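Pasted below: target_35.cif, mmCIF, C-alpha atoms and all ligand atoms.
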data_upload
loop_
_atom_site.label_atom_id
_atom_site.label_comp_id
_atom_site.auth_asym_id
_atom_site.auth_seq_id
_atom_site.Cartn_x
_atom_site.Cartn_y
_atom_site.Cartn_z
CA MET A 1 0.00 0.00 0.00
CA THR A 2 1.57 3.26 -1.15
CA LYS A 3 1.81 5.90 1.57
CA VAL A 4 3.54 9.24 1.19
CA ARG A 5 3.73 12.40 3.22
CA PHE A 6 4.22 16.13 2.79
CA ALA A 7 5.99 17.48 5.87
CA PRO A 8 6.14 21.28 5.99
CA SER A 9 7.47 23.18 8.98
CA PRO A 10 4.93 25.79 10.12
CA THR A 11 7.65 28.43 10.29
CA GLY A 12 6.62 30.16 7.07
CA LYS A 13 4.15 30.27 4.22
CA LEU A 14 3.69 27.84 1.37
CA HIS A 15 5.32 29.17 -1.79
CA VAL A 16 5.87 27.81 -5.29
CA GLY A 17 9.03 25.96 -4.26
CA ASN A 18 7.73 23.97 -1.33
CA VAL A 19 4.21 23.48 -2.66
CA ARG A 20 5.66 21.62 -5.62
CA THR A 21 6.74 18.91 -3.18
CA ALA A 22 3.18 18.74 -1.87
CA ILE A 23 1.84 18.46 -5.41
CA PHE A 24 4.19 15.61 -6.33
CA ASN A 25 3.34 13.68 -3.18
CA TYR A 26 -0.37 14.21 -3.66
CA LEU A 27 -0.31 13.17 -7.31
CA PHE A 28 1.87 10.18 -6.52
CA ALA A 29 -0.61 8.95 -3.89
CA ARG A 30 -3.62 9.56 -6.16
CA LYS A 31 -1.99 7.78 -9.07
CA ALA A 32 -1.18 4.74 -6.93
CA GLY A 33 -4.53 4.74 -5.15
CA GLY A 34 -2.52 5.21 -1.94
CA THR A 35 -2.58 7.42 1.13
CA PHE A 36 -1.39 11.03 1.40
CA VAL A 37 -0.36 12.22 4.86
CA LEU A 38 0.06 15.84 5.90
CA ARG A 39 2.64 15.92 8.68
CA ILE A 40 3.31 19.19 10.45
CA ASP A 41 7.00 19.38 11.41
CA ASP A 42 6.69 21.64 14.43
CA THR A 43 9.48 20.36 16.65
CA ASP A 44 10.96 23.86 16.58
CA VAL A 45 8.43 25.24 19.02
CA GLU A 46 10.04 28.70 19.05
CA ARG A 47 9.59 29.34 15.35
CA SER A 48 6.45 27.28 14.62
CA THR A 49 3.13 29.08 14.79
CA GLN A 50 -0.50 28.02 14.62
CA ALA A 51 -1.11 30.81 12.10
CA PHE A 52 1.44 29.36 9.66
CA GLU A 53 -0.02 25.88 10.16
CA ASP A 54 -3.55 27.14 9.48
CA GLY A 55 -2.27 28.99 6.41
CA ILE A 56 -0.57 25.88 5.04
CA ARG A 57 -3.75 23.83 5.47
CA ALA A 58 -5.88 26.57 3.88
CA ASP A 59 -3.52 26.96 0.91
CA LEU A 60 -3.39 23.21 0.24
CA THR A 61 -7.17 23.01 0.43
CA TRP A 62 -7.55 25.91 -1.98
CA LEU A 63 -5.23 24.14 -4.41
CA GLY A 64 -7.47 21.07 -4.22
CA ILE A 65 -4.94 19.00 -2.26
CA SER A 66 -6.68 17.00 0.44
CA TRP A 67 -5.01 14.66 2.90
CA ASP A 68 -6.13 11.28 4.15
CA GLU A 69 -4.31 11.58 7.48
CA THR A 70 -2.61 14.38 9.37
CA PHE A 71 -0.62 14.77 12.57
CA LYS A 72 1.80 17.14 14.29
CA GLN A 73 5.26 16.20 15.48
CA SER A 74 4.83 18.25 18.64
CA GLU A 75 2.35 15.60 19.84
CA ARG A 76 4.93 12.85 19.56
CA PHE A 77 7.94 13.93 21.63
CA ASP A 78 7.73 10.76 23.74
CA ARG A 79 8.24 8.64 20.60
CA TYR A 80 11.35 10.61 19.63
CA ALA A 81 12.73 10.30 23.16
CA ALA A 82 12.23 6.53 23.02
CA ALA A 83 14.05 6.36 19.68
CA ALA A 84 16.90 8.49 21.06
CA GLU A 85 17.28 6.10 24.00
CA LYS A 86 17.41 3.18 21.60
CA LEU A 87 20.21 4.84 19.62
CA LYS A 88 22.12 5.76 22.81
CA ALA A 89 21.89 2.15 23.99
CA LYS A 90 23.46 1.07 20.71
CA GLY A 91 26.25 3.61 21.10
CA LEU A 92 25.04 5.42 17.99
CA LEU A 93 23.96 8.66 19.66
CA TYR A 94 26.71 10.36 21.62
CA PRO A 95 26.94 13.51 23.74
CA CYS A 96 29.12 16.41 22.57
CA TYR A 97 30.04 19.46 24.61
CA GLU A 98 31.63 21.82 22.09
CA THR A 99 30.17 25.28 21.94
CA GLY A 100 29.27 26.86 18.61
CA ASP A 101 32.43 28.97 18.81
CA GLU A 102 34.62 25.96 19.46
CA LEU A 103 33.13 24.13 16.49
CA ASP A 104 33.69 27.19 14.31
CA ARG A 105 37.31 27.35 15.34
CA LYS A 106 37.84 23.67 14.51
CA ARG A 107 36.26 24.14 11.10
CA ARG A 108 38.41 27.14 10.29
CA LEU A 109 41.56 25.29 11.32
CA GLN A 110 40.66 22.26 9.19
CA MET A 111 40.04 24.45 6.17
CA ALA A 112 43.27 26.37 6.71
CA ASN A 113 45.03 23.00 6.59
CA GLY A 114 43.23 22.09 3.39
CA ARG A 115 41.01 19.50 5.06
CA PRO A 116 37.22 19.26 4.73
CA PRO A 117 35.37 20.74 7.73
CA VAL A 118 34.02 17.42 8.99
CA TYR A 119 33.38 16.98 12.71
CA ASP A 120 36.43 15.26 14.22
CA ARG A 121 34.48 13.08 16.69
CA ALA A 122 36.55 14.38 19.59
CA ALA A 123 33.54 13.86 21.85
CA LEU A 124 33.64 10.12 21.24
CA ALA A 125 36.95 9.99 23.08
CA LEU A 126 35.75 11.81 26.20
CA SER A 127 36.07 9.90 29.44
CA GLU A 128 33.24 9.85 32.00
CA ALA A 129 35.30 12.18 34.19
CA GLU A 130 35.75 14.69 31.35
CA LYS A 131 32.02 14.63 30.62
CA ALA A 132 31.27 15.13 34.30
CA ALA A 133 33.66 18.10 34.34
CA PHE A 134 31.82 19.73 31.42
CA GLU A 135 28.48 19.16 33.15
CA ALA A 136 29.87 20.66 36.34
CA GLU A 137 30.85 23.74 34.29
CA GLY A 138 27.18 24.04 33.39
CA ARG A 139 27.57 22.76 29.83
CA LYS A 140 24.69 20.74 28.36
CA PRO A 141 25.45 18.21 25.65
CA HIS A 142 24.10 18.15 22.14
CA TRP A 143 23.81 14.68 20.63
CA ARG A 144 25.26 13.39 17.39
CA PHE A 145 24.42 10.28 15.41
CA LYS A 146 27.45 8.14 14.63
CA LEU A 147 27.56 7.53 10.90
CA SER A 148 29.01 4.23 9.67
CA GLY A 149 31.65 5.77 7.42
CA ASN A 150 30.45 3.51 4.60
CA PRO A 151 28.81 4.68 1.39
CA VAL A 152 24.99 4.66 1.46
CA GLU A 153 23.44 3.82 -1.89
CA TRP A 154 19.93 3.78 -3.29
CA ASP A 155 18.02 3.92 -6.54
CA ASP A 156 16.38 7.30 -6.51
CA MET A 157 13.03 7.60 -8.28
CA VAL A 158 14.22 10.85 -9.85
CA ARG A 159 18.00 10.86 -9.77
CA GLY A 160 18.72 7.21 -10.50
CA HIS A 161 21.63 5.60 -8.65
CA VAL A 162 22.82 7.75 -5.73
CA SER A 163 25.79 7.11 -3.48
CA ILE A 164 26.53 9.21 -0.39
CA GLU A 165 29.93 8.88 1.23
CA THR A 166 29.12 9.12 4.91
CA SER A 167 32.85 9.25 5.66
CA SER A 168 32.87 12.77 4.23
CA LEU A 169 29.95 13.95 6.39
CA SER A 170 29.90 15.28 9.93
CA ASP A 171 27.93 13.10 12.30
CA PRO A 172 24.58 14.89 12.27
CA ILE A 173 23.31 16.59 15.41
CA LEU A 174 19.93 15.05 16.29
CA ILE A 175 19.28 16.78 19.63
CA ARG A 176 20.29 20.33 20.56
CA GLU A 177 21.68 21.49 23.94
CA ASP A 178 18.23 22.55 25.04
CA GLY A 179 16.85 19.07 24.36
CA SER A 180 14.94 20.07 21.22
CA TYR A 181 15.04 17.87 18.13
CA LEU A 182 16.33 18.81 14.73
CA TYR A 183 14.15 17.46 11.97
CA THR A 184 16.36 14.44 11.17
CA LEU A 185 15.38 11.94 13.87
CA PRO A 186 11.66 12.76 14.31
CA SER A 187 11.21 12.47 10.56
CA VAL A 188 12.65 8.95 10.50
CA VAL A 189 10.67 7.87 13.58
CA ASP A 190 7.45 9.12 11.99
CA ASP A 191 8.21 7.60 8.61
CA ILE A 192 8.78 4.22 10.27
CA GLU A 193 5.72 4.37 12.53
CA ALA A 194 3.40 5.70 9.81
CA ASP A 195 4.60 3.04 7.35
CA ILE A 196 5.65 5.59 4.75
CA THR A 197 6.60 3.77 1.54
CA HIS A 198 8.06 6.63 -0.54
CA ILE A 199 9.76 9.89 0.46
CA ILE A 200 9.44 12.51 -2.26
CA ARG A 201 11.17 15.79 -1.49
CA GLY A 202 13.63 18.35 -2.82
CA GLU A 203 17.15 17.65 -3.92
CA ASP A 204 18.45 19.76 -1.01
CA HIS A 205 17.62 16.74 1.19
CA THR A 206 19.72 14.20 -0.73
CA THR A 207 22.64 14.24 1.72
CA ASN A 208 20.24 14.07 4.68
CA SER A 209 18.78 10.97 3.10
CA GLY A 210 22.17 9.26 3.32
CA ALA A 211 22.28 9.87 7.08
CA GLN A 212 18.59 9.13 7.54
CA ILE A 213 18.86 5.76 5.80
CA GLU A 214 21.42 4.78 8.43
CA ILE A 215 19.06 5.98 11.18
CA PHE A 216 16.20 3.95 9.67
CA GLU A 217 18.41 0.88 9.84
CA ALA A 218 19.68 1.66 13.33
CA LEU A 219 16.07 1.86 14.56
CA GLY A 220 15.19 -1.44 12.92
CA GLY A 221 13.08 0.15 10.17
CA THR A 222 13.21 -0.44 6.44
CA PRO A 223 14.13 2.71 4.51
CA PRO A 224 11.38 3.74 2.09
CA LEU A 225 12.09 4.48 -1.56
CA PHE A 226 13.34 8.01 -2.19
CA GLY A 227 12.74 10.54 -4.94
CA HIS A 228 14.58 13.87 -4.82
CA GLN A 229 13.30 16.37 -7.34
CA ALA A 230 15.53 19.14 -8.66
CA LEU A 231 14.73 22.55 -7.28
CA LEU A 232 13.10 25.46 -9.07
CA VAL A 233 15.07 28.22 -10.71
CA GLY A 234 13.93 31.41 -12.40
CA ALA A 235 12.99 31.74 -16.06
CA ASP A 236 16.57 32.70 -16.98
CA GLY A 237 18.08 29.72 -15.18
CA GLY A 238 19.24 31.90 -12.27
CA LYS A 239 17.74 32.10 -8.83
CA LEU A 240 13.95 32.39 -8.51
CA SER A 241 13.11 36.06 -8.73
CA LYS A 242 12.78 37.80 -5.41
CA ARG A 243 9.11 38.31 -6.03
CA THR A 244 8.39 34.69 -6.95
CA GLY A 245 10.69 33.22 -4.34
CA SER A 246 8.94 35.03 -1.54
CA LEU A 247 5.47 35.04 -3.02
CA GLY A 248 3.19 32.78 -1.09
CA ILE A 249 0.42 30.70 -2.59
CA ALA A 250 -2.00 33.00 -0.78
CA ASP A 251 -0.54 35.97 -2.70
CA LEU A 252 -0.93 34.19 -6.02
CA ARG A 253 -4.58 33.73 -5.08
CA ASP A 254 -5.37 37.09 -3.46
CA VAL A 255 -2.98 39.49 -5.19
CA ASP A 256 -2.51 37.94 -8.62
CA GLY A 257 -6.01 36.42 -8.78
CA LEU A 258 -4.78 33.14 -10.25
CA GLU A 259 -6.64 29.85 -10.52
CA PRO A 260 -5.52 26.94 -8.33
CA MET A 261 -5.49 24.58 -11.30
CA ALA A 262 -3.17 26.94 -13.20
CA ILE A 263 -0.62 26.67 -10.38
CA MET A 264 -1.07 22.89 -10.15
CA SER A 265 -0.85 22.46 -13.91
CA LEU A 266 2.37 24.42 -14.25
CA LEU A 267 4.17 23.07 -11.19
CA ALA A 268 3.30 19.47 -12.05
CA ARG A 269 4.72 19.81 -15.55
CA ILE A 270 7.76 22.10 -15.52
CA GLY A 271 11.01 20.19 -15.37
CA THR A 272 9.39 17.08 -16.85
CA SER A 273 9.57 15.64 -20.34
CA ASP A 274 5.86 16.48 -20.88
CA PRO A 275 4.77 19.86 -22.21
CA VAL A 276 3.16 22.42 -19.94
CA ASP A 277 -0.58 22.57 -20.42
CA ALA A 278 -3.64 23.98 -18.63
CA PHE A 279 -5.52 21.17 -16.91
CA ALA A 280 -9.07 21.71 -15.75
CA ASP A 281 -8.77 19.04 -13.08
CA VAL A 282 -6.30 16.72 -11.37
CA ASP A 283 -7.43 13.71 -13.41
CA GLY A 284 -6.01 15.38 -16.50
CA ILE A 285 -2.61 15.85 -14.86
CA LEU A 286 -2.62 12.32 -13.43
CA GLU A 287 -2.89 10.66 -16.82
CA GLY A 288 0.72 11.29 -17.77
CA PHE A 289 2.14 11.80 -14.28
CA ASP A 290 5.33 9.84 -13.57
CA LEU A 291 8.21 10.95 -11.33
CA GLY A 292 10.55 9.17 -13.75
CA LYS A 293 9.78 11.93 -16.26
CA LEU A 294 11.36 14.56 -14.01
CA SER A 295 14.60 15.97 -15.25
CA ARG A 296 17.62 15.95 -12.96
CA SER A 297 18.37 19.54 -13.83
CA PRO A 298 16.47 22.38 -12.17
CA ALA A 299 12.98 23.24 -13.38
CA ARG A 300 12.50 26.76 -14.69
CA PHE A 301 9.63 28.66 -13.16
CA ASP A 302 8.37 31.60 -15.15
CA ASP A 303 5.75 34.03 -13.83
CA GLU A 304 4.72 34.87 -17.36
CA GLU A 305 4.16 31.22 -18.21
CA LEU A 306 1.96 30.90 -15.13
CA LYS A 307 -0.13 33.80 -16.39
CA ARG A 308 -0.45 32.17 -19.81
CA VAL A 309 -1.54 28.87 -18.30
CA ASN A 310 -4.06 30.76 -16.18
CA ALA A 311 -5.49 32.52 -19.22
CA LYS A 312 -5.69 29.29 -21.19
CA LEU A 313 -7.50 27.61 -18.34
CA LEU A 314 -10.06 30.41 -18.23
CA HIS A 315 -10.51 30.39 -22.00
CA GLY A 316 -11.63 26.78 -21.81
CA MET A 317 -13.63 27.05 -18.60
CA PRO A 318 -17.31 26.13 -18.92
CA TYR A 319 -19.84 28.52 -17.40
CA ALA A 320 -21.01 25.90 -14.89
CA VAL A 321 -17.48 25.72 -13.46
CA ALA A 322 -16.99 29.49 -13.42
CA LYS A 323 -20.41 30.38 -12.03
CA PRO A 324 -19.86 29.82 -8.29
CA ARG A 325 -16.65 31.85 -8.45
CA LEU A 326 -18.35 34.59 -10.46
CA VAL A 327 -21.13 34.77 -7.90
CA GLU A 328 -18.50 35.14 -5.17
CA LEU A 329 -16.85 37.97 -7.10
CA GLY A 330 -20.22 39.64 -7.70
CA ALA A 331 -19.53 39.26 -11.42
CA ASP A 332 -22.04 36.66 -12.58
CA LYS A 333 -23.77 38.13 -15.64
CA GLY A 334 -25.07 34.87 -17.05
CA GLU A 335 -23.75 32.37 -19.54
CA ALA A 336 -23.92 34.56 -22.69
CA VAL A 337 -21.74 37.26 -21.12
CA TRP A 338 -19.30 34.63 -19.83
CA GLU A 339 -19.00 33.15 -23.31
CA ALA A 340 -18.49 36.62 -24.79
CA VAL A 341 -15.73 37.78 -22.47
CA ARG A 342 -14.02 34.46 -21.68
CA PRO A 343 -11.54 34.58 -24.59
CA ASN A 344 -10.27 37.96 -23.31
CA LEU A 345 -9.64 36.97 -19.71
CA GLU A 346 -6.25 36.89 -18.09
CA THR A 347 -7.69 36.50 -14.62
CA LEU A 348 -11.24 35.70 -13.61
CA ALA A 349 -11.73 39.15 -12.12
CA ASP A 350 -11.25 40.67 -15.60
CA VAL A 351 -14.87 39.64 -16.22
CA LYS A 352 -15.93 42.78 -14.36
CA ALA A 353 -14.11 45.16 -16.65
CA TRP A 354 -15.24 43.45 -19.84
CA ALA A 355 -18.83 43.05 -18.65
CA ALA A 356 -18.87 46.78 -17.91
CA LEU A 357 -18.53 47.37 -21.66
CA ILE A 358 -21.85 45.64 -22.07
CA ASP A 359 -23.69 46.99 -19.02
CA GLY A 360 -22.33 50.51 -19.27
CA PRO A 361 -22.32 53.30 -18.70
CA VAL A 362 -19.73 53.56 -21.45
CA THR A 363 -18.41 56.92 -22.57
CA PRO A 364 -18.33 56.59 -26.34
CA VAL A 365 -15.31 57.78 -28.29
CA ILE A 366 -16.67 59.46 -31.42
CA GLU A 367 -14.16 60.92 -33.82
CA ASP A 368 -16.44 61.30 -36.82
CA ALA A 369 -20.05 62.33 -36.14
CA ASP A 370 -21.10 61.61 -39.74
CA TYR A 371 -19.89 58.05 -39.44
CA ALA A 372 -21.77 57.70 -36.15
CA ALA A 373 -24.95 58.91 -37.83
CA ALA A 374 -24.49 56.49 -40.73
CA ALA A 375 -23.90 53.68 -38.27
CA ALA A 376 -27.14 54.46 -36.43
CA GLU A 377 -29.03 54.63 -39.72
CA HIS A 378 -27.79 51.25 -40.97
CA LEU A 379 -28.13 49.25 -37.78
CA PRO A 380 -30.14 46.16 -38.88
CA ASP A 381 -33.81 46.14 -37.96
CA GLY A 382 -35.36 43.52 -35.76
CA GLU A 383 -33.70 41.53 -33.03
CA LEU A 384 -29.90 41.78 -32.97
CA THR A 385 -28.22 38.38 -33.30
CA GLY A 386 -24.78 36.93 -33.84
CA ASP A 387 -25.16 37.71 -37.58
CA SER A 388 -26.09 41.36 -37.12
CA TRP A 389 -22.48 42.59 -36.96
CA SER A 390 -21.55 41.36 -40.43
CA ALA A 391 -24.84 42.57 -41.92
CA TRP A 392 -24.28 45.96 -40.31
CA THR A 393 -20.65 46.39 -41.34
CA ASN A 394 -21.41 45.23 -44.90
CA ALA A 395 -24.14 47.83 -45.19
CA LEU A 396 -21.83 50.50 -43.77
CA LYS A 397 -19.08 49.54 -46.14
CA ASP A 398 -21.41 50.02 -49.13
CA ALA A 399 -22.81 53.27 -47.75
CA THR A 400 -19.54 54.92 -46.73
CA GLY A 401 -16.84 53.25 -48.81
CA ARG A 402 -14.85 52.59 -45.62
CA LYS A 403 -13.11 49.30 -45.18
CA GLY A 404 -10.75 47.44 -42.85
CA LYS A 405 -9.66 49.22 -39.71
CA MET A 406 -11.37 52.48 -40.76
CA LEU A 407 -14.65 50.63 -40.93
CA PHE A 408 -14.39 48.56 -37.75
CA MET A 409 -12.30 50.47 -35.20
CA PRO A 410 -14.54 53.53 -34.92
CA LEU A 411 -17.51 51.26 -34.27
CA ARG A 412 -15.68 49.54 -31.43
CA GLN A 413 -14.64 52.89 -29.97
CA MET A 414 -18.10 54.38 -30.27
CA LEU A 415 -19.77 51.35 -28.72
CA THR A 416 -17.27 50.43 -26.03
CA GLY A 417 -14.98 53.42 -25.58
CA GLU A 418 -12.02 51.03 -26.03
CA GLU A 419 -9.70 50.01 -28.85
CA ARG A 420 -9.73 46.36 -27.95
CA GLY A 421 -11.98 43.87 -26.26
CA PRO A 422 -14.26 40.91 -26.88
CA GLU A 423 -15.51 40.25 -30.38
CA MET A 424 -17.96 42.90 -31.57
CA ALA A 425 -20.21 40.31 -33.22
CA VAL A 426 -20.76 38.75 -29.82
CA LEU A 427 -21.07 42.05 -27.94
CA LEU A 428 -23.65 43.60 -30.23
CA PRO A 429 -26.72 41.57 -29.19
CA LEU A 430 -25.61 41.74 -25.55
CA ILE A 431 -25.34 45.55 -25.55
CA GLY A 432 -28.72 45.77 -27.27
CA ARG A 433 -30.28 48.27 -29.64
CA GLU A 434 -31.24 50.87 -27.09
CA LYS A 435 -27.77 51.35 -25.64
CA ILE A 436 -26.17 51.07 -29.08
CA LEU A 437 -28.23 53.96 -30.41
CA LYS A 438 -27.56 56.08 -27.33
CA ARG A 439 -23.81 55.47 -27.55
CA LEU A 440 -23.80 56.28 -31.26
CA ALA A 441 -25.53 59.52 -30.34
CA GLY A 442 -22.64 60.30 -27.98
CA GLU A 443 -24.52 59.60 -24.79
CA ALA A 444 -22.90 57.75 -21.90
CA ALA A 445 -25.11 54.68 -21.68
N1 LIG A 501 10.15 19.54 7.52
C1 LIG A 501 11.12 19.12 6.56
C2 LIG A 501 11.27 20.21 5.51
O1 LIG A 501 10.35 20.96 5.30
C3 LIG A 501 10.66 17.83 5.94
C4 LIG A 501 11.57 17.24 4.93
C5 LIG A 501 11.08 15.89 4.50
O2 LIG A 501 10.22 15.83 3.63
O3 LIG A 501 11.52 14.88 5.07
O4 LIG A 501 12.33 20.35 4.93
#

Would you mind writing the file's structure down as structure tokens?
Ligand code: GLU
Amino acid sequence: MTKVRFAPSPTGKLHVGNVRTAIFNYLFARKAGGTFVLRIDDTDVERSTQAFEDGIRADLTWLGISWDETFKQSERFDRYAAAAEKLKAKGLLYPCYETGDELDRKRRLQMANGRPPVYDRAALALSEAEKAAFEAEGRKPHWRFKLSGNPVEWDDMVRGHVSIETSSLSDPILIREDGSYLYTLPSVVDDIEADITHIIRGEDHTTNSGAQIEIFEALGGTPPLFGHQALLVGADGGKLSKRTGSLGIADLRDVDGLEPMAIMSLLARIGTSDPVDAFADVDGILEGFDLGKLSRSPARFDDEELKRVNAKLLHGMPYAVAKPRLVELGADKGEAVWEAVRPNLETLADVKAWAALIDGPVTPVIEDADYAAAAAEHLPDGELTGDSWSAWTNALKDATGRKGKMLFMPLRQMLTGEERGPEMAVLLPLIGREKILKRLAGEAA
């Protein structure tokens, strides 16, 4: 049974970078008919807040990502303590008394001597008397996990064969002086106890995975399969732009007015061998979804591409899907108006501006009063329909000799006050004869 988890720390907002990990995990679970767990990594009680946690849950829900199970690490400290005891009993978790300054000094010395700044394991050699002396000084130990020094290898779902030389790593600190846990140990304990089968996360965790696989084994667990996706970069291959990097999902929703499925569609597809497309629902994305299609090089995230996907999504959105959102925006003008303005939308809220061209009042732009009079005179009789525009412009062409832009543009300006907008043939019956005649007469209507 496939079981995956997304494990954000509630010390900040969801943004395009970390939400991509959530999307991959969610899609992976859906595709396999498995379970998706939302784990809140709040062992850092100082920096974790309920507001960030609530925001993360709200943003995921808005994106359409639902979880089958959820729990918080702060409720499980007793489990982590039990695991720590188990590691201590095996001699794999050892107390260290160096201060931050002392560690810094060691690192600088190693580098000055051309050696890598790997922790020298001096603490392993401390006698009981030396430890007691440190304690008497008031020092509290931090605790390091003793790596094997052997290479750790696995077949990564994204990166293929990976080998981490643990001999070139510092033994990772699992518990700080104040007794708080870094993310490394709790994560493994939870992954074992929740029966997680696959860990899908960013490439920045690859080295951690080497150490964590050894912790899995030390605790008697079986390491899950791993997939480390390449991180996002900006459109030019450089760092994500400052705006995008710091922009939360909530900002994309509230400030940029984007559709959740536009964000999902783009983030699920960039950096894969499949083209980016606008998917109306998750089922569409799932069809071709396969972590094996992810490239090992960074995925380029482009704001402008996100806007294009958003527009494309709106252009294909049926009225029934748009309606509840339009009602919420106070912009529901019925199906005919939706159909008329939909091809011109960049964001859903644009409906308001385009619908205002129909509802008015519009201040007409009339540059040639004679042409306006001719236009009023030749407006087809009877009910205006989708064919009226061509009948009208044909008649005007014969009557005035105008053609092309000279024929069409003034009509658009007189009827809408704008130089561009939805198709005139579609707008005409929606504006209606009464308002058309008023606007042609120069009245704001
Ligand atoms: N809380 C960790 C993070 O956000 C979880 C990493 C993981 O997926 O194991 O980096």

Dump the neighbourhood of ligand LIG 501 (chain A) as an MDAnalysis selection string: all residues within 10 Å, distances computed on all atoms listed in the file. chainID A and resid 4:11 18 21:22 25 39:43 73 182:184 186:188 190:191 199:202 204:205 208:209 212 228

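Between atom CA of Phe408 of chain A and atom CA of Glu335 of chain A there is a distance of 26.1 Å.
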
Give me the residues within 12 Å of Ser241 of chain A as a ChimeraX atom specification, counting only C-alpha atoms and dropping any in the same chain fewer than 4 places off. /A:16-17,232-237,245-247,300-303

Nearest-residue call for Pro364 of chain A, choices A:Pro380, A:Asp290, A:Leu440, A:Val189, using all atoms listed in the file: A:Leu440

Can you work out which one of A:Asp254, A:Glu203, A:Glu339, A:Glu153 has the shortest atom-to-atom distance to Pro223 of chain A, counting all atoms listed in the file? A:Glu153

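Here atom CA of Ala311 of chain A is placed at a distance of 20.7 Å from atom CA of Arg20 of chain A.
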
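Residues in contact with Ala356 of chain A at up to 12 Å, not including ones fewer than 4 positions away on its chain and judged by only C-alpha atoms, are A:Ala331, A:Asp332, A:Lys333, A:Val337, A:Val341, A:Ala349, A:Asp350, A:Val351, A:Lys352, A:Gly360, A:Pro361, A:Val362, A:Thr363, A:Leu415, A:Thr416, A:Gly417, A:Glu418, A:Gly421, A:Pro422, A:Leu427, A:Leu430, A:Ile431, A:Ala445.
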
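Distances from A:Asp156, A:Asp256, A:Glu305, A:Asp359 to Gly210 of chain A were compared using only C-alpha atoms, and the smallest one belongs to A:Asp156.
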
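Taking all atoms listed in the file into account, Ile65 of chain A lies nearest to A:Val282 out of the set A:Ala355, A:Val282, A:Ala336, A:Val426.
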
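Near (-3.5, 23.9, -11.9), the residues inside the 9 Å limit, counting all atoms listed in the file, come to Leu63, Glu259, Pro260, Met261, Ala262, Ile263, Met264, Ser265, Leu266, Leu267, Ala268, Ala278, Phe279, Ala280, Asp281, Val282, Ile285, Val309, Asn310 and Leu313 of chain A.
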
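Reported to one decimal place, the separation of atom CA of Gly442 of chain A from atom CA of Gly382 of chain A is 22.4 Å.
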